[in-house]
There are 4 protein chains.
Amino acid sequence: MRLSTYQELEPTARVGRGLSCTNYCIIFAVLFGALLAILETEPTLYDPFRGLFEVAEGLLPILFSVEYAAPLWSAADAPGDASSLAKRGRFFISLAGLLDLVVLLAAWAPFFTANLALLRIVRLARIARLAKLGRFSRAAEHLHYAVTTRAYELLLAVSLALILLVAGATALYWAEGTVQPDKFGSIPRALWWSAVTLTTIGYGDVSPVTPLGKFIAVLVAVAGIGLVALPTGILASGFSEAVQRDRKADNQ
Amino acid sequence: MRLSTYQELEPTARVGRGLSCTNYCIIFAVLFGALLAILETEPTLYDPFRGLFEVAEGLLPILFSVEYAAPLWSAADAPGDASSLAKRGRFFISLAGLLDLVVLLAAWAPFFTANLALLRIVRLARIARLAKLGRFSRAAEHLHYAVTTRAYELLLAVSLALILLVAGATALYWAEGTVQPDKFGSIPRALWWSAVTLTTIGYGDVSPVTPLGKFIAVLVAVAGIGLVALPTGILASGFSEAVQRDRKADNQ
Amino acid sequence: MRLSTYQELEPTARVGRGLSCTNYCIIFAVLFGALLAILETEPTLYDPFRGLFEVAEGLLPILFSVEYAAPLWSAADAPGDASSLAKRGRFFISLAGLLDLVVLLAAWAPFFTANLALLRIVRLARIARLAKLGRFSRAAEHLHYAVTTRAYELLLAVSLALILLVAGATALYWAEGTVQPDKFGSIPRALWWSAVTLTTIGYGDVSPVTPLGKFIAVLVAVAGIGLVALPTGILASGFSEAVQRDRKADNQ
Amino acid sequence: MRLSTYQELEPTARVGRGLSCTNYCIIFAVLFGALLAILETEPTLYDPFRGLFEVAEGLLPILFSVEYAAPLWSAADAPGDASSLAKRGRFFISLAGLLDLVVLLAAWAPFFTANLALLRIVRLARIARLAKLGRFSRAAEHLHYAVTTRAYELLLAVSLALILLVAGATALYWAEGTVQPDKFGSIPRALWWSAVTLTTIGYGDVSPVTPLGKFIAVLVAVAGIGLVALPTGILASGFSEAVQRDRKADNQ
């Protein structure tokens, strides 16, 4: 029974592709817990349904405790020659085990301190561990390949973006620092405008009013298109290569 | 005559590429009906031209009735050994037949209930059925190939985006929850800001005001660029492959 | 002399790559004229420098007249057996000739009617004719190839965008039509919001206020990312192919 | 000792990949100096910590003086037959030397004139010289290749964007010039709206109010998507080629 528990819980031990039924239940419980933690912060929802929320919050820690105890207990059936205790200890200090411990503590936290409630969103990280498995494994590999082989290109693009960010803020500080001192009166203040413009968000709480400021803003905005186009182009070429490499490996 | 009606209406039965003249008329009628349904909701347009709108609305259901009866009647000439009634029944329960039935009901709906007027936009779906044919078939295949072969990569990108969405909202709820309680007072409220920022829309109705909130917002906004760059890169590589595959098949 | 004028003016007749000096002067004059037409509309600039503007506006039509007469006169040296008059007639009714005529009329227009002043921006089209030549010819070919070979894919993406536009507007009309009647009171009004959101501009003059409206808006906004990602991916694959094809042709 | 100083400072003379420890220190000092220059402009930060800022500002020029003197002195060990003085002179007038001189002057500037304080951000350019080296060299080559081989395509895209910018501004000037004279009363004023819309920023300080203006704005906005998609597609294909070329060179 302990062996089948191990196979049910440990995704790498599973025969065939896909996740086990138990793991789907865990994903559902984690998502449900995260949704609960999100909705509880809204007083107009929490106050009328306080009872329901409290019942659900009381059940989840128990579920997560079982969910933590089960792999710890069944870890004794992990492959290898070590003793049951050593295998359990290895699971305890493994990344997966520590992650589960954080999830468990996060689940129990609201009973002791109200402020730690937000910690429960940490549970979402639990899914990330499972996401590597199942049908997503190939997609995750492609994503990983595209990002890691282009890491320096992306870093260079980010560096260029940072220089543009500072240059834009400095230019507007110089052009409109005296006209709108509360918005462009210092470079740190102008950086907020610069970031909102370069990412093409444009909330509208800060925008230049003088012709010179507007002219500089247009130059910064056009350069901001490059800021979006550069990483997109880099990632696109990375993805193409990742998939081509995969296809070639399949053909051989 | 029934056979020629069948060939005229059923795009797959047509000799040669392109749509038949009748199908172009149907597309025109559907688009005209949708435009009518859109413009009718605007009182400053509907009130002065009420008569014109009513005449057009009276003609369209008749047109769609004919358009529904014709393929049902001519379905008897579809290839196969079944009886005429069986072939008509098969068309009736086919996706195309059910879609036409919805379009027909949507066309007659305004005569019975005013609130169903919006259903008439459903007619647009009628075009989707024809879009698969004609010169768009190859483009639709490429699009379909790019999206389906990269489905898990796109899903992974959406998952990352959702985690970023929740993380951004939680961070701003923590940073500005007490400063702007009506905007960041709960995670569901902060999610609106998070979504508007990550998609780089930035309406400006919600934006951080404290230095800490602005700093976090910049981090979220920069990560939001990746949110746009990732699916773009994935789709770009998917399209490249779809077209290359098509060219290779043509050459062989 | 007429022959050298012809070779100087007609870009295709030129020996070697690049544009002739005269053509660079024409580009400069056209750009200067367009800048003049733009700046003249600004009263705070026009009123103090009225004299300067009038002198420049008086010189430009003369320049453009010469510029129109010269190719018409030198067209007699175009290759071919036809008579000088026939060749000139052919230039007169050619696209280039008609474009030059429009530019000439646009240059003289302000002397007769003040309202036609805007026509002078038409002169910019004059540059488009020269842009096909010189070092840009290859880039223009790549651009042309990427757009034309992917024309149906791009049209399909535009169609999907239009359906999304109408669907988003209808959903918000249904969700907030009674809450904000001046902004979402009819589908045409809601279309403005829909367009501003899908293109991720987000002016902020129209945005949903109810939780349901905001929820639908987030779905529309996320779909809007695909609206940007799809054509980008299509064009990226088109460009890759255009350049690869060019390289192959160079190698053979 | 002079030779080891030269090898420590000149990145190209270094054995093996990566930057020397001294160069990492210089990068840190430059970044620290830039951060200092940025934070000093904020009165709410500068006033309470004036003493700390002044000490740091006093130390940095000394550091940069040493940092300028060291390569000048050690330049005598650069490869080549020229005399020590000639080699030092060559370093003095080289791009690297002049850049260092500007950085040095920028460091000393605040002692003489307060207004030159912003010049200190110029120091960031110092990093650009080092960025070419180390592990970023390959990424920088790819970036350089993607941008230079696609220079004319990108220029063409920028030209199309400029024409669209002027056309959009002219259209809105014509449509709303009399309705909102302070915002669309002249083409230069309308250009601000046009730029903010085409880059999809959308501050919201200027937006059309009439149905005609809104209709034109939607057309401009949709065209603006192409403005982002075009350079992204161009750069994506450029990156793909740069990396493929690199891989091929590695295999041979």
# chains A, B, ... in the order shown; residues from 1 in each chain; ligands from 1

call {"tool": "interface_residues", "arguments": {"of": "chain C", "to": "chain A", "cutoff": "10 Å", "atoms": "only C-alpha atoms", "output": "MDAnalysis selection string"}}
result
chainID C and resid 200:204 229 232:233 236:237

call {"tool": "write_last_selection", "arguments": {"atoms": "C-alpha atoms", "output": "compact mmCIF listing (two decimals), in the first residue's frame"}}
result
# COMPACT_ATOMS: atom_id res chain seq x y z
CA THR C 200 -4.08 48.26 -25.59
CA ILE C 201 -4.20 52.06 -25.89
CA GLY C 202 -6.54 52.64 -22.93
CA TYR C 203 -7.12 56.41 -22.92
CA GLY C 204 -9.16 56.05 -19.75
CA ALA C 229 0.76 38.63 -31.15
CA THR C 232 3.45 39.98 -35.39
CA GLY C 233 4.05 36.26 -35.58
CA ALA C 236 7.96 37.61 -38.52
CA SER C 237 7.66 34.30 -40.39

call {"tool": "residues_around", "arguments": {"residues": "A:Gly89", "least_positions_apart": "3", "cutoff": "12 Å", "atoms": "only C-alpha atoms", "output": "ChimeraX atom specification"}}
result
/A:71-76,78,82-86,92-94,97-98

call {"tool": "closest_residue", "arguments": {"among": "D:Leu198, D:Leu104, D:Ile26, D:Leu156", "to": "C:Ala140", "atoms": "only C-alpha atoms"}}
result
D:Leu156

call {"tool": "calpha_fit_and_write", "arguments": {"fixed": "chain B", "moving": "chain C", "output": "short mmCIF file (atom, residue, chain, number, x, y, z; two decimals) with C-alpha atoms, in the first residue's frame"}}
result
data_model
loop_
_atom_site.label_atom_id
_atom_site.label_comp_id
_atom_site.auth_asym_id
_atom_site.auth_seq_id
_atom_site.Cartn_x
_atom_site.Cartn_y
_atom_site.Cartn_z
CA MET C 1 -32.37 21.98 -60.27
CA ARG C 2 -32.11 20.54 -56.77
CA LEU C 3 -28.61 19.29 -57.58
CA SER C 4 -27.41 22.68 -58.82
CA THR C 5 -28.89 24.28 -55.68
CA TYR C 6 -26.90 21.79 -53.62
CA GLN C 7 -23.69 22.55 -55.51
CA GLU C 8 -24.34 26.27 -55.25
CA LEU C 9 -24.85 26.16 -51.48
CA GLU C 10 -22.49 23.46 -50.23
CA PRO C 11 -18.96 24.89 -50.46
CA THR C 12 -17.20 21.51 -50.41
CA ALA C 13 -19.23 20.29 -53.40
CA ARG C 14 -18.04 23.14 -55.55
CA VAL C 15 -15.84 22.59 -58.57
CA GLY C 16 -12.73 24.79 -58.43
CA ARG C 17 -11.58 27.16 -55.73
CA GLY C 18 -13.46 30.11 -54.28
CA LEU C 19 -17.01 30.54 -53.06
CA SER C 20 -20.15 30.50 -55.22
CA CYS C 21 -22.03 33.72 -55.94
CA THR C 22 -24.89 32.65 -53.66
CA ASN C 23 -22.51 32.19 -50.76
CA TYR C 24 -21.11 35.69 -51.29
CA CYS C 25 -24.70 36.98 -51.12
CA ILE C 26 -25.25 35.08 -47.85
CA ILE C 27 -22.06 36.58 -46.37
CA PHE C 28 -23.26 40.02 -47.41
CA ALA C 29 -26.71 39.42 -45.89
CA VAL C 30 -25.21 38.15 -42.63
CA LEU C 31 -22.82 41.12 -42.37
CA PHE C 32 -25.66 43.51 -43.23
CA GLY C 33 -27.85 41.88 -40.56
CA ALA C 34 -25.09 42.16 -37.96
CA LEU C 35 -24.48 45.81 -38.84
CA LEU C 36 -28.24 46.41 -38.51
CA ALA C 37 -28.33 44.72 -35.09
CA ILE C 38 -25.37 46.86 -33.96
CA LEU C 39 -26.76 50.18 -35.23
CA GLU C 40 -30.27 49.53 -33.85
CA THR C 41 -29.00 49.66 -30.29
CA GLU C 42 -28.00 53.32 -30.79
CA PRO C 43 -31.13 55.45 -30.05
CA THR C 44 -29.81 58.53 -31.89
CA LEU C 45 -29.70 56.42 -35.07
CA TYR C 46 -32.71 54.17 -34.49
CA ASP C 47 -35.30 56.80 -33.62
CA PRO C 48 -35.05 58.94 -36.78
CA PHE C 49 -34.78 55.91 -39.13
CA ARG C 50 -37.17 53.58 -37.29
CA GLY C 51 -39.14 52.85 -40.47
CA LEU C 52 -36.12 51.81 -42.51
CA PHE C 53 -34.81 49.60 -39.73
CA GLU C 54 -38.18 47.86 -39.40
CA VAL C 55 -38.44 47.11 -43.13
CA ALA C 56 -34.89 45.68 -43.19
CA GLU C 57 -35.58 43.66 -40.05
CA GLY C 58 -38.76 42.31 -41.67
CA LEU C 59 -36.95 41.20 -44.83
CA LEU C 60 -33.96 39.53 -43.20
CA PRO C 61 -35.88 36.70 -41.43
CA ILE C 62 -37.58 35.80 -44.75
CA LEU C 63 -34.19 35.71 -46.47
CA PHE C 64 -32.73 33.54 -43.73
CA SER C 65 -35.77 31.22 -43.88
CA VAL C 66 -35.22 30.65 -47.60
CA GLU C 67 -31.53 30.30 -46.92
CA TYR C 68 -32.31 27.61 -44.33
CA ALA C 69 -34.93 25.77 -46.39
CA ALA C 70 -32.77 25.61 -49.55
CA PRO C 71 -29.86 23.54 -48.19
CA LEU C 72 -32.30 21.37 -46.21
CA TRP C 73 -34.24 20.62 -49.41
CA SER C 74 -31.16 20.19 -51.61
CA ALA C 75 -29.36 18.05 -48.99
CA ALA C 76 -31.14 15.12 -50.67
CA ASP C 77 -28.51 15.35 -53.40
CA ALA C 78 -25.59 14.98 -51.01
CA PRO C 79 -23.30 12.08 -51.97
CA GLY C 80 -24.16 8.73 -50.34
CA ASP C 81 -26.72 5.90 -50.52
CA ALA C 82 -29.12 6.99 -47.76
CA SER C 83 -32.69 8.07 -48.51
CA SER C 84 -33.50 11.75 -49.11
CA LEU C 85 -35.12 12.02 -45.69
CA ALA C 86 -32.10 10.47 -43.94
CA LYS C 87 -29.74 12.86 -45.74
CA ARG C 88 -31.90 15.82 -44.77
CA GLY C 89 -32.03 14.59 -41.18
CA ARG C 90 -28.27 14.26 -41.20
CA PHE C 91 -27.92 17.87 -42.42
CA PHE C 92 -30.46 18.97 -39.76
CA ILE C 93 -28.39 17.55 -36.91
CA SER C 94 -25.01 18.45 -38.49
CA LEU C 95 -23.00 21.35 -37.05
CA ALA C 96 -23.70 23.41 -40.17
CA GLY C 97 -27.43 22.67 -39.96
CA LEU C 98 -27.69 23.49 -36.27
CA LEU C 99 -25.72 26.69 -36.81
CA ASP C 100 -28.14 27.68 -39.58
CA LEU C 101 -31.07 26.88 -37.26
CA VAL C 102 -29.65 29.17 -34.56
CA VAL C 103 -29.12 31.89 -37.19
CA LEU C 104 -32.73 31.41 -38.36
CA LEU C 105 -34.15 31.53 -34.82
CA ALA C 106 -31.96 34.57 -34.09
CA ALA C 107 -33.42 36.25 -37.16
CA TRP C 108 -37.01 35.63 -36.05
CA ALA C 109 -36.33 36.34 -32.36
CA PRO C 110 -36.95 40.11 -32.33
CA PHE C 111 -40.55 39.52 -33.40
CA PHE C 112 -41.26 37.64 -30.17
CA THR C 113 -38.94 39.09 -27.55
CA ALA C 114 -37.13 42.39 -27.69
CA ASN C 115 -34.36 41.26 -25.36
CA LEU C 116 -33.16 38.55 -27.71
CA ALA C 117 -32.18 41.17 -30.26
CA LEU C 118 -28.54 40.65 -29.40
CA LEU C 119 -28.79 37.04 -30.51
CA ARG C 120 -28.73 38.32 -34.07
CA ILE C 121 -25.01 38.91 -33.81
CA VAL C 122 -24.79 35.11 -33.60
CA ARG C 123 -25.32 35.23 -37.34
CA LEU C 124 -21.68 36.20 -37.66
CA ALA C 125 -20.84 32.60 -36.77
CA ARG C 126 -22.47 31.72 -40.10
CA ILE C 127 -19.52 33.31 -41.88
CA ALA C 128 -17.00 31.27 -39.89
CA ARG C 129 -18.39 28.15 -41.62
CA LEU C 130 -17.70 29.63 -45.04
CA ALA C 131 -14.34 31.11 -44.02
CA LYS C 132 -12.90 27.61 -43.84
CA LEU C 133 -13.42 27.42 -47.59
CA GLY C 134 -12.22 29.50 -50.46
CA ARG C 135 -8.79 31.07 -50.52
CA PHE C 136 -8.71 31.40 -46.75
CA SER C 137 -8.53 27.62 -46.25
CA ARG C 138 -4.72 27.55 -46.42
CA ALA C 139 -4.33 30.57 -44.11
CA ALA C 140 -6.79 29.00 -41.66
CA GLU C 141 -4.76 25.77 -41.73
CA HIS C 142 -1.54 27.69 -40.98
CA LEU C 143 -3.25 29.53 -38.12
CA HIS C 144 -4.69 26.29 -36.82
CA TYR C 145 -1.32 24.53 -37.06
CA ALA C 146 0.54 27.38 -35.32
CA VAL C 147 -1.95 27.43 -32.45
CA THR C 148 -2.42 23.67 -31.96
CA THR C 149 1.24 22.59 -32.21
CA ARG C 150 2.12 25.33 -29.69
CA ALA C 151 -0.95 24.78 -27.49
CA TYR C 152 0.98 23.70 -24.39
CA GLU C 153 3.57 26.46 -24.77
CA LEU C 154 0.75 29.01 -25.03
CA LEU C 155 -1.04 27.45 -22.02
CA LEU C 156 2.20 27.63 -20.05
CA ALA C 157 2.60 31.31 -21.01
CA VAL C 158 -1.01 31.94 -19.89
CA SER C 159 -0.31 30.13 -16.58
CA LEU C 160 2.79 32.25 -15.98
CA ALA C 161 0.71 35.32 -16.81
CA LEU C 162 -1.97 34.29 -14.29
CA ILE C 163 0.63 33.74 -11.54
CA LEU C 164 2.15 37.15 -12.38
CA LEU C 165 -1.35 38.67 -12.30
CA VAL C 166 -2.08 37.31 -8.81
CA ALA C 167 1.44 38.10 -7.53
CA GLY C 168 1.23 41.70 -8.80
CA ALA C 169 -2.21 42.20 -7.27
CA THR C 170 -1.06 40.73 -3.92
CA ALA C 171 2.04 42.96 -3.86
CA LEU C 172 0.04 46.12 -4.53
CA TYR C 173 -2.66 45.07 -2.03
CA TRP C 174 0.12 44.79 0.54
CA ALA C 175 1.78 48.07 -0.51
CA GLU C 176 -1.21 50.35 -1.08
CA GLY C 177 -4.15 48.51 0.52
CA THR C 178 -4.39 51.06 3.33
CA VAL C 179 -3.53 54.13 1.20
CA GLN C 180 -6.17 53.59 -1.50
CA PRO C 181 -8.62 51.14 0.12
CA ASP C 182 -11.26 51.54 -2.61
CA LYS C 183 -8.74 50.59 -5.32
CA PHE C 184 -6.27 48.22 -3.63
CA GLY C 185 -8.26 47.33 -0.46
CA SER C 186 -8.57 43.64 -1.43
CA ILE C 187 -6.82 41.30 -3.84
CA PRO C 188 -9.87 41.05 -6.17
CA ARG C 189 -9.88 44.86 -6.40
CA ALA C 190 -6.11 44.98 -6.97
CA LEU C 191 -6.52 42.35 -9.72
CA TRP C 192 -8.25 44.96 -11.89
CA TRP C 193 -5.17 47.18 -11.66
CA SER C 194 -2.90 44.18 -12.21
CA ALA C 195 -4.75 43.11 -15.39
CA VAL C 196 -4.89 46.64 -16.81
CA THR C 197 -1.13 47.05 -16.17
CA LEU C 198 0.08 43.64 -17.42
CA THR C 199 -1.82 44.01 -20.70
CA THR C 200 -0.23 47.52 -20.96
CA ILE C 201 -3.66 49.12 -21.38
CA GLY C 202 -3.38 51.51 -18.42
CA TYR C 203 -6.75 53.28 -18.31
CA GLY C 204 -5.49 55.44 -15.47
CA ASP C 205 -8.52 54.95 -13.20
CA VAL C 206 -6.27 52.97 -10.83
CA SER C 207 -2.55 53.64 -10.37
CA PRO C 208 -0.18 53.49 -7.40
CA VAL C 209 0.62 56.73 -5.55
CA THR C 210 3.27 55.74 -2.99
CA PRO C 211 6.97 55.35 -3.97
CA LEU C 212 6.91 51.69 -2.87
CA GLY C 213 3.74 51.01 -4.87
CA LYS C 214 5.23 52.70 -7.93
CA PHE C 215 8.45 50.68 -7.60
CA ILE C 216 6.50 47.40 -7.50
CA ALA C 217 4.33 48.63 -10.39
CA VAL C 218 7.43 49.20 -12.54
CA LEU C 219 8.61 45.63 -11.84
CA VAL C 220 5.16 44.27 -12.74
CA ALA C 221 5.04 46.44 -15.89
CA VAL C 222 8.45 45.25 -17.10
CA ALA C 223 7.39 41.65 -16.47
CA GLY C 224 4.24 42.50 -18.45
CA ILE C 225 6.39 43.08 -21.54
CA GLY C 226 7.47 39.44 -21.29
CA LEU C 227 3.79 38.55 -21.10
CA VAL C 228 3.32 40.04 -24.57
CA ALA C 229 6.68 38.89 -25.94
CA LEU C 230 6.29 35.24 -24.92
CA PRO C 231 3.08 34.33 -26.85
CA THR C 232 4.24 36.43 -29.81
CA GLY C 233 7.50 34.53 -29.99
CA ILE C 234 5.69 31.20 -29.63
CA LEU C 235 3.20 32.03 -32.41
CA ALA C 236 5.93 33.39 -34.68
CA SER C 237 7.86 30.11 -34.50
CA GLY C 238 4.61 28.19 -35.03
CA PHE C 239 3.80 30.15 -38.18
CA SER C 240 7.29 29.73 -39.60
CA GLU C 241 6.99 25.98 -39.18
CA ALA C 242 3.47 25.82 -40.63
CA VAL C 243 4.51 27.62 -43.80
CA GLN C 244 7.78 25.67 -44.19
CA ARG C 245 5.87 22.40 -43.84
CA ASP C 246 3.41 23.56 -46.48
CA ARG C 247 6.19 24.52 -48.90
CA LYS C 248 7.88 21.14 -48.44
CA ALA C 249 4.61 19.30 -49.13
CA ASP C 250 4.18 21.39 -52.30
CA ASN C 251 7.69 20.56 -53.52
CA GLN C 252 7.29 16.80 -53.05
#

call {"tool": "select_by_dssp", "arguments": {"residues": "stretch 18-245 of chain C", "states": "alpha helix (DSSP H)", "output": "ChimeraX atom specification"}}
result
/C:21-40,43-46,50-74,84-93,95-108,124-131,136-149,151-176,181-184,187-198,211-245
